[in-house]
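K.L.:
Structure provided below as structure tokens; questions to follow.
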Amino acid sequence: MSLAGALPHAVAPELSADELGLLEFAMAWKGRLRGAMKAALPAVYEGRAAPAYVAAHGRRPQGWREVEDAMAADPLYRWWSALLRAQQEYYLHLTSEVVERQLDGLNAACAAIAANPRYGSLTLKPGMAIPDYQGEVDIHCVPGSYFLERSVDDVWAGARSDLGSFVFALGKHGGMNEDKGVSGAAFVKARFPDLQVRDILDLGCTVGMSTLPYCDAFPEARVTGLDLSGPCLRYAHARAESMGKAVHFQQGNAEATDFPDASFDLIVSHILLHETSAAALPRIFAEAHRLLRPGGVMLHVEVPVRKIEAFEQFLTNWDAQGNNEPFWAVLSEMDLVGPAVAAGFVADSVFETVVPTSFAKSGDWLGVGARKAL
Amino acid sequence: MRAPRPKASKGARPQFLADTDSERLLNMVMALAAEVSLLHDKFDTLARVSGVPLADLEAFTPDADVRAERATRRDEMLGRVLRIIEADAERAAHPPRPYDEIMQLVADPEGRIS
């Protein structure tokens with residue numbers, strides 16, 4: 001069995017009737033947290049949290065951090081937050097267990113596909129160093145994160161991420177979690193109609209959920225996916241092969257890759273930047289500049305972390321600590337033009353704009369990028 | 001035999017409710033609510049598929065094999081309900097790095113902690 005519309009590919013984890021019922025409950029639980037409780041938070045802020053802050057400080061809260069100070073003691077906010085964190089940990093536990101019980105079969109199925117690839121390739125670099133911004137915190141509160149590896153054919157982290165991403169997005173990013181890639185590719189075609197795309201690199205590709213749409217959007221191009229995680233890449237390779245998509249997956253760090261200068265026409269990433277750091281982000285931009293051919297395009301499709309209103313920014317930044325994404329809040333305030341120019345891009349080519357969603361996601365994606373001078 | 005997966009995620013767990021015990025209980029209550037929801041699903045399945053009278057179902061006496069199957073299922077359910085306590089136990093044995101240190105680490109242009 002599977003969740004309605006979820007993961008129509010041959011190496012997807014299967015669900016028992018019980019697992020299906022529990023995951024459906026977890027998704028319904030999150031759906032409710034997006035409903036009346038969340039909708040009431042602005043009124044709670046204006047009605048009681050902000051006035052209490054004014055009474056104590058003689059002025060309204062300024063900036064999202066002071067809004068957070070004002071809201072921290074509010075009962076509705078505290079229960080909503082506690083329920084949201086509990087839901088996150090609960091569905092992570094379920095998806096972890098689902099994959100664990102069928103892991104031998106998933107490992108074997110992926111290994112069998114990797115032994116005889118028909119479309120793309122898989123190049124792993126065992127023993128690769130995990131940078132602190134990934135190693136010191138389990139992003140999204142997943143115990144074991146992307147890197148738990150207990151055998152040479154381990155795909156646990158990849159299979160869990162595939163299933164978990166569908167549950168996390170409540171299915172609203174497409175059955176293959178493809179929204180970010182489909183939307184990014186459509187954005188590139190619309191904004192850079194003259195761009196000749198022969199080689200594409202997807203940085204931090206995880207299981208290739210955003211990578212595969214580039215195969216469809218640019219059928220003549222060679223598509224490469226780069227990630228730190230061996231378990232995710234093993235799964236990504238089998239997943240792509242089972243879909244008949246040619247992607248060349250390679251283990252590596254987006255800050256410093258092994259590719260020669262001027263290897264790609266289009267370098268993309270999808271919700272990668274907010275999982276890095278202030279030290280790593282400029283290096284990722286610089287590496288992208290090095291790898292791009294003249295006239296090539298860099299596009300990072302991100303969660304919409306930039307908000308105008310302080311209260312909205314506070315709610316958006318919940319994930320920074322609530323969901324173990326420490327760089328999220330830093331990124332929300334970080335100048336990205338400076339690092340892009342320092343990386344070698346001409347300032348006029350640097351953009352930060354809306355990337356419209358192609359699916360049922362609430363709100364759009366943030367697009368950050370630049371074009372290398374000819 | 002594969003090594004067990006960790007139960008607690010790295011990164012100190014935030015607390016939103018006024019006391020930690022309430023927060024733990026909330027997690028357990030919601031996990032139990034999931035189990036109750038699942039039971040309703042299963043009763044519904046049973047009624048639709050079997051057509052067996054409820055009295056006959058209640059008169060059923062499980063044998064040793066059935067009891068063993070049920071014990072496994074019960075233990076798995078307890079794993080879901082008690083997850084947060086078991087994760088806390090794991091954190092107690094391996095205390096996480098303070099979260100503000102990680103925030104400093106990722107915010108610092110040199111990747112250092114001041």
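A note on labels: chains of the structure tokens are A, B, ... as shown, every chain counts residues from 1, and ligands are counted from 1 in their shown order.
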For Thr20 (chain B), work out the shell of residues within 12 Å, counting only C-alpha atoms and skipping chain neighbours fewer than 4 positions away, then give it as a short mmCIF file (atom, residue, chain, number, x, y, z; two decimals) with N, CA and C atoms, in the first residue's frame.

P.N.:
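selection12.cif written:
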```
data_model
loop_
_atom_site.label_atom_id
_atom_site.label_comp_id
_atom_site.auth_asym_id
_atom_site.auth_seq_id
_atom_site.Cartn_x
_atom_site.Cartn_y
_atom_site.Cartn_z
N ALA A 82 4.37 23.17 20.48
CA ALA A 82 4.63 21.85 21.07
C ALA A 82 3.99 20.76 20.22
N ARG B 13 16.65 19.77 22.13
CA ARG B 13 15.22 19.86 21.83
C ARG B 13 14.61 21.10 22.48
N PRO B 14 13.90 21.95 21.68
CA PRO B 14 13.24 23.11 22.30
C PRO B 14 12.06 22.65 23.13
N GLN B 15 11.72 23.46 24.15
CA GLN B 15 10.53 23.17 24.95
C GLN B 15 9.58 24.33 24.82
N PHE B 16 8.33 24.03 24.51
CA PHE B 16 7.36 25.09 24.30
C PHE B 16 6.37 25.21 25.45
N ARG B 24 6.15 16.19 27.41
CA ARG B 24 6.29 14.75 27.19
C ARG B 24 4.91 14.09 27.07
N LEU B 25 4.04 14.45 28.00
CA LEU B 25 2.71 13.85 28.00
C LEU B 25 1.95 14.18 26.72
N LEU B 26 2.11 15.41 26.24
CA LEU B 26 1.44 15.79 24.99
C LEU B 26 1.86 14.85 23.87
N ASN B 27 3.16 14.60 23.77
CA ASN B 27 3.65 13.70 22.72
C ASN B 27 3.06 12.31 22.86
N ILE B 84 9.46 9.59 23.02
CA ILE B 84 10.11 10.81 23.52
C ILE B 84 10.90 10.52 24.79
N ILE B 85 10.38 9.64 25.61
CA ILE B 85 11.10 9.31 26.84
C ILE B 85 12.38 8.55 26.48
N ASP B 88 14.83 10.98 25.19
CA ASP B 88 15.42 11.73 26.32
C ASP B 88 16.49 10.91 27.01
#
```

K.L.:
Sorted by chain and rising residue number, list the residues of chain B at most 7 Å from chain A (counting only C-alpha atoms), each with its closest atom pair and distance in Å to one decimal, as JSON lines.

P.N.:
```
{"residue": "B:Arg2", "atom": "CA", "partner": "A:Arg150", "partner_atom": "CA", "distance": 6.8}
{"residue": "B:Ala3", "atom": "CA", "partner": "A:Arg150", "partner_atom": "CA", "distance": 6.9}
{"residue": "B:Arg5", "atom": "CA", "partner": "A:Gly144", "partner_atom": "CA", "distance": 6.8}
{"residue": "B:Pro6", "atom": "CA", "partner": "A:Pro143", "partner_atom": "CA", "distance": 5.5}
{"residue": "B:Lys7", "atom": "CA", "partner": "A:Pro143", "partner_atom": "CA", "distance": 5.6}
{"residue": "B:Ala8", "atom": "CA", "partner": "A:Pro143", "partner_atom": "CA", "distance": 5.3}
{"residue": "B:Ser9", "atom": "CA", "partner": "A:Pro143", "partner_atom": "CA", "distance": 4.0}
{"residue": "B:Lys10", "atom": "CA", "partner": "A:Val137", "partner_atom": "CA", "distance": 4.7}
{"residue": "B:Gly11", "atom": "CA", "partner": "A:Val137", "partner_atom": "CA", "distance": 4.9}
{"residue": "B:Pro14", "atom": "CA", "partner": "A:Gly322", "partner_atom": "CA", "distance": 6.6}
{"residue": "B:Phe16", "atom": "CA", "partner": "A:Arg78", "partner_atom": "CA", "distance": 4.8}
{"residue": "B:Leu17", "atom": "CA", "partner": "A:Arg78", "partner_atom": "CA", "distance": 5.5}
{"residue": "B:Glu23", "atom": "CA", "partner": "A:Ala82", "partner_atom": "CA", "distance": 6.7}
{"residue": "B:Asn27", "atom": "CA", "partner": "A:Ala86", "partner_atom": "CA", "distance": 5.5}
{"residue": "B:Ala34", "atom": "CA", "partner": "A:Phe25", "partner_atom": "CA", "distance": 5.9}
{"residue": "B:Leu38", "atom": "CA", "partner": "A:Gly21", "partner_atom": "CA", "distance": 5.6}
{"residue": "B:Met103", "atom": "CA", "partner": "A:Pro326", "partner_atom": "CA", "distance": 5.7}
{"residue": "B:Val106", "atom": "CA", "partner": "A:Ser277", "partner_atom": "CA", "distance": 4.3}
{"residue": "B:Ala107", "atom": "CA", "partner": "A:Ala278", "partner_atom": "CA", "distance": 5.0}
{"residue": "B:Asp108", "atom": "CA", "partner": "A:Ala278", "partner_atom": "CA", "distance": 6.0}
{"residue": "B:Pro109", "atom": "CA", "partner": "A:Ala279", "partner_atom": "CA", "distance": 4.3}
{"residue": "B:Glu110", "atom": "CA", "partner": "A:Ala279", "partner_atom": "CA", "distance": 5.5}
{"residue": "B:Gly111", "atom": "CA", "partner": "A:Ala279", "partner_atom": "CA", "distance": 5.5}
```

K.L.:
Just write the chosen residues, N, CA and C atoms, as an mmCIF file, in the first residue's frame.

P.N.:
```cif
data_model
loop_
_atom_site.group_PDB
_atom_site.id
_atom_site.type_symbol
_atom_site.label_atom_id
_atom_site.label_comp_id
_atom_site.auth_asym_id
_atom_site.auth_seq_id
_atom_site.Cartn_x
_atom_site.Cartn_y
_atom_site.Cartn_z
ATOM 1 N N ARG B 2 21.835 -5.606 12.391
ATOM 2 C CA ARG B 2 22.126 -4.201 12.123
ATOM 3 C C ARG B 2 22.128 -3.422 13.447
ATOM 4 N N ALA B 3 23.029 -2.443 13.548
ATOM 5 C CA ALA B 3 23.080 -1.605 14.753
ATOM 6 C C ALA B 3 21.781 -0.797 14.862
ATOM 7 N N ARG B 5 19.186 2.231 15.222
ATOM 8 C CA ARG B 5 19.228 3.646 14.850
ATOM 9 C C ARG B 5 19.132 4.504 16.100
ATOM 10 N N PRO B 6 19.706 5.738 16.075
ATOM 11 C CA PRO B 6 19.506 6.644 17.219
ATOM 12 C C PRO B 6 18.034 7.057 17.306
ATOM 13 N N LYS B 7 17.553 7.329 18.506
ATOM 14 C CA LYS B 7 16.164 7.769 18.696
ATOM 15 C C LYS B 7 16.056 9.282 18.807
ATOM 16 N N ALA B 8 17.125 9.922 19.284
ATOM 17 C CA ALA B 8 17.095 11.378 19.467
ATOM 18 C C ALA B 8 17.866 12.046 18.348
ATOM 19 N N SER B 9 17.295 13.156 17.813
ATOM 20 C CA SER B 9 18.032 13.901 16.796
ATOM 21 C C SER B 9 19.060 14.799 17.473
ATOM 22 N N LYS B 10 20.206 14.975 16.811
ATOM 23 C CA LYS B 10 21.227 15.906 17.307
ATOM 24 C C LYS B 10 20.680 17.309 17.237
ATOM 25 N N GLY B 11 20.994 18.122 18.258
ATOM 26 C CA GLY B 11 20.424 19.466 18.326
ATOM 27 C C GLY B 11 19.491 19.487 19.518
ATOM 28 N N PRO B 14 13.905 21.952 21.683
ATOM 29 C CA PRO B 14 13.242 23.105 22.304
ATOM 30 C C PRO B 14 12.055 22.654 23.133
ATOM 31 N N PHE B 16 8.328 24.033 24.515
ATOM 32 C CA PHE B 16 7.356 25.092 24.297
ATOM 33 C C PHE B 16 6.374 25.210 25.454
ATOM 34 N N LEU B 17 6.010 24.083 26.057
ATOM 35 C CA LEU B 17 5.059 24.136 27.175
ATOM 36 C C LEU B 17 5.780 24.557 28.455
ATOM 37 N N GLU B 23 5.006 18.576 28.237
ATOM 38 C CA GLU B 23 5.394 18.417 26.828
ATOM 39 C C GLU B 23 5.563 16.931 26.477
ATOM 40 N N ASN B 27 3.156 14.603 23.766
ATOM 41 C CA ASN B 27 3.654 13.704 22.719
ATOM 42 C C ASN B 27 3.064 12.307 22.856
ATOM 43 N N ALA B 34 -3.293 8.501 17.738
ATOM 44 C CA ALA B 34 -3.058 7.837 16.446
ATOM 45 C C ALA B 34 -3.466 6.370 16.521
ATOM 46 N N LEU B 38 -6.322 4.465 14.418
ATOM 47 C CA LEU B 38 -6.038 3.261 13.640
ATOM 48 C C LEU B 38 -7.018 2.136 13.987
ATOM 49 N N MET B 103 24.279 27.700 16.436
ATOM 50 C CA MET B 103 23.840 28.927 15.760
ATOM 51 C C MET B 103 25.048 29.822 15.492
ATOM 52 N N VAL B 106 27.271 28.276 12.606
ATOM 53 C CA VAL B 106 26.795 28.415 11.231
ATOM 54 C C VAL B 106 26.703 29.878 10.807
ATOM 55 N N ALA B 107 26.616 30.814 11.806
ATOM 56 C CA ALA B 107 26.491 32.233 11.471
ATOM 57 C C ALA B 107 27.859 32.864 11.252
ATOM 58 N N ASP B 108 28.904 32.305 11.850
ATOM 59 C CA ASP B 108 30.224 32.918 11.796
ATOM 60 C C ASP B 108 30.843 32.704 10.410
ATOM 61 N N PRO B 109 31.340 33.791 9.793
ATOM 62 C CA PRO B 109 31.929 33.650 8.442
ATOM 63 C C PRO B 109 33.109 32.687 8.405
ATOM 64 N N GLU B 110 33.787 32.484 9.533
ATOM 65 C CA GLU B 110 34.919 31.562 9.572
ATOM 66 C C GLU B 110 34.508 30.188 10.072
ATOM 67 N N GLY B 111 33.234 30.024 10.418
ATOM 68 C CA GLY B 111 32.786 28.743 10.944
ATOM 69 C C GLY B 111 33.334 28.441 12.320
#
```

K.L.:
DSSP on the backbone: what in region 124-360 of chain A comes out strand (DSSP E or B), as a CSV table (one decimal) with N, CA and C atoms, in the first residue's frame?

P.N.:
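For reference, out21.csv as written:
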```
chain,number,residue,atom,x,y,z
A,199,ASP,N,24.9,20.9,-20.0
A,199,ASP,CA,25.3,20.2,-18.8
A,199,ASP,C,24.7,20.9,-17.6
A,200,ILE,N,24.0,20.1,-16.8
A,200,ILE,CA,23.3,20.7,-15.6
A,200,ILE,C,23.8,20.0,-14.3
A,201,LEU,N,24.1,20.8,-13.3
A,201,LEU,CA,24.5,20.2,-12.0
A,201,LEU,C,23.5,20.6,-10.9
A,202,ASP,N,23.0,19.6,-10.2
A,202,ASP,CA,22.1,19.9,-9.1
A,202,ASP,C,22.9,19.6,-7.8
A,203,LEU,N,23.1,20.7,-7.0
A,203,LEU,CA,23.9,20.6,-5.8
A,203,LEU,C,23.0,20.2,-4.6
A,222,ARG,N,23.0,16.7,-20.2
A,222,ARG,CA,23.5,15.7,-19.3
A,222,ARG,C,23.3,16.2,-17.9
A,223,VAL,N,22.6,15.5,-17.0
A,223,VAL,CA,22.3,15.9,-15.7
A,223,VAL,C,23.1,15.2,-14.7
A,224,THR,N,23.8,16.0,-13.8
A,224,THR,CA,24.6,15.5,-12.7
A,224,THR,C,24.0,15.9,-11.4
A,225,GLY,N,23.9,15.0,-10.4
A,225,GLY,CA,23.5,15.3,-9.1
A,225,GLY,C,24.6,15.1,-8.1
A,226,LEU,N,24.8,16.1,-7.2
A,226,LEU,CA,25.9,16.0,-6.2
A,226,LEU,C,25.3,16.0,-4.8
A,227,ASP,N,25.8,15.2,-3.9
A,227,ASP,CA,25.4,15.2,-2.5
A,227,ASP,C,26.4,14.7,-1.6
A,247,VAL,N,20.6,10.3,-14.8
A,247,VAL,CA,21.2,11.2,-13.9
A,247,VAL,C,22.5,10.6,-13.5
A,248,HIS,N,23.6,11.4,-13.5
A,248,HIS,CA,24.9,10.9,-13.0
A,248,HIS,C,25.1,11.5,-11.6
A,249,PHE,N,24.9,10.6,-10.6
A,249,PHE,CA,25.0,11.0,-9.2
A,249,PHE,C,26.4,10.8,-8.7
A,250,GLN,N,26.9,11.8,-8.0
A,250,GLN,CA,28.3,11.8,-7.5
A,250,GLN,C,28.3,12.4,-6.1
A,251,GLN,N,29.1,11.7,-5.2
A,251,GLN,CA,29.2,12.1,-3.9
A,251,GLN,C,30.2,13.2,-3.8
A,253,ASN,N,31.1,17.6,-2.0
A,253,ASN,CA,30.7,18.7,-1.2
A,253,ASN,C,30.5,19.9,-2.1
A,256,ALA,N,33.3,22.6,-2.6
A,256,ALA,CA,34.6,22.3,-3.3
A,256,ALA,C,34.4,20.9,-4.0
A,264,PHE,N,29.7,23.3,-16.6
A,264,PHE,CA,28.2,23.3,-16.6
A,264,PHE,C,27.6,24.6,-17.2
A,265,ASP,N,26.4,24.5,-17.8
A,265,ASP,CA,25.7,25.7,-18.3
A,265,ASP,C,24.7,26.2,-17.2
A,266,LEU,N,24.2,25.2,-16.4
A,266,LEU,CA,23.2,25.5,-15.4
A,266,LEU,C,23.5,24.8,-14.1
A,267,ILE,N,23.7,25.5,-13.1
A,267,ILE,CA,23.9,24.9,-11.7
A,267,ILE,C,22.8,25.3,-10.8
A,268,VAL,N,22.1,24.3,-10.3
A,268,VAL,CA,20.9,24.6,-9.4
A,268,VAL,C,21.1,24.0,-8.1
A,269,SER,N,20.3,24.4,-7.1
A,269,SER,CA,20.1,23.7,-5.9
A,269,SER,C,18.7,24.0,-5.4
A,270,HIS,N,18.2,23.1,-4.5
A,270,HIS,CA,16.8,23.2,-4.1
A,270,HIS,C,16.8,23.0,-2.6
A,292,LEU,N,30.8,27.1,-13.8
A,292,LEU,CA,29.9,27.6,-14.9
A,292,LEU,C,30.7,28.0,-16.1
A,293,ARG,N,30.2,27.7,-17.3
A,293,ARG,CA,30.8,28.2,-18.5
A,293,ARG,C,30.3,29.7,-18.6
A,294,PRO,N,31.1,30.5,-19.4
A,294,PRO,CA,30.6,31.9,-19.6
A,294,PRO,C,29.2,31.9,-20.1
A,295,GLY,N,28.4,32.8,-19.5
A,295,GLY,CA,27.0,32.9,-19.8
A,295,GLY,C,26.1,31.9,-19.1
A,296,GLY,N,26.7,31.1,-18.3
A,296,GLY,CA,25.9,30.1,-17.5
A,296,GLY,C,25.2,30.6,-16.4
A,297,VAL,N,24.2,29.9,-15.9
A,297,VAL,CA,23.3,30.4,-14.8
A,297,VAL,C,23.4,29.6,-13.6
A,298,MET,N,23.4,30.3,-12.4
A,298,MET,CA,23.3,29.6,-11.1
A,298,MET,C,21.9,30.0,-10.5
A,299,LEU,N,21.2,29.0,-10.1
A,299,LEU,CA,19.8,29.2,-9.5
A,299,LEU,C,19.7,28.4,-8.2
A,300,HIS,N,19.4,29.0,-7.1
A,300,HIS,CA,19.1,28.3,-5.9
A,300,HIS,C,17.6,28.5,-5.5
A,301,VAL,N,16.9,27.4,-5.6
A,301,VAL,CA,15.4,27.5,-5.2
A,301,VAL,C,15.3,27.2,-3.7
A,302,GLU,N,14.8,28.2,-3.0
A,302,GLU,CA,14.8,28.2,-1.5
A,302,GLU,C,13.4,28.3,-1.0
A,351,PHE,N,20.2,38.0,-9.0
A,351,PHE,CA,18.8,38.2,-8.8
A,351,PHE,C,18.3,37.5,-7.5
A,352,GLU,N,17.2,38.0,-7.0
A,352,GLU,CA,16.5,37.4,-5.9
A,352,GLU,C,15.0,37.7,-6.1
A,353,THR,N,14.3,36.6,-6.4
A,353,THR,CA,12.9,36.8,-6.9
A,353,THR,C,12.0,35.7,-6.5
A,354,VAL,N,10.8,35.8,-6.9
A,354,VAL,CA,9.8,34.7,-6.6
A,354,VAL,C,9.9,33.6,-7.7
A,355,VAL,N,10.0,32.4,-7.3
A,355,VAL,CA,9.8,31.2,-8.3
A,355,VAL,C,8.5,30.6,-8.0
```

K.L.:
Would you list the contacts of Cys110 (chain A) as a PyMOL selection string, taking every protein, DNA or RNA residue within 12 Å and counting only C-alpha atoms, but skipping same-chain residues closer than 3 positions in sequence?

P.N.:
chain A and resi 10-13+103-107+113-117+122+152-156+158-159+231-242

K.L.:
Taking the chain letters and numbering used in this document, name the residues of region 41-244 of chain A that DSSP puts in alpha helix (DSSP H), as a PyMOL selection string.

P.N.:
chain A and resi 41-44+50-57+63-71+75-101+103-115+132-135+156-168+179-191+212-217+230-242

K.L.:
What separation in Å, quoted to one decimal, exists between CA of Leu84 (chain A) and CA of Tyr53 (chain A)?

P.N.:
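Computed distance, CA of Leu84 (chain A) to CA of Tyr53 (chain A), equals 24.7 Å.
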
K.L.:
What is the CA of Ile308 (chain A) to CA of Ala186 (chain A) distance in Å?

P.N.:
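CA of Ala186 (chain A) lies at a distance of 26.0 Å from CA of Ile308 (chain A).
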
K.L.:
Determine the nearest neighbour of Met28 (chain B) from the options B:Val81, B:Ile113, B:Ala93, B:Leu105, counting only C-alpha atoms.

P.N.:
B:Val81
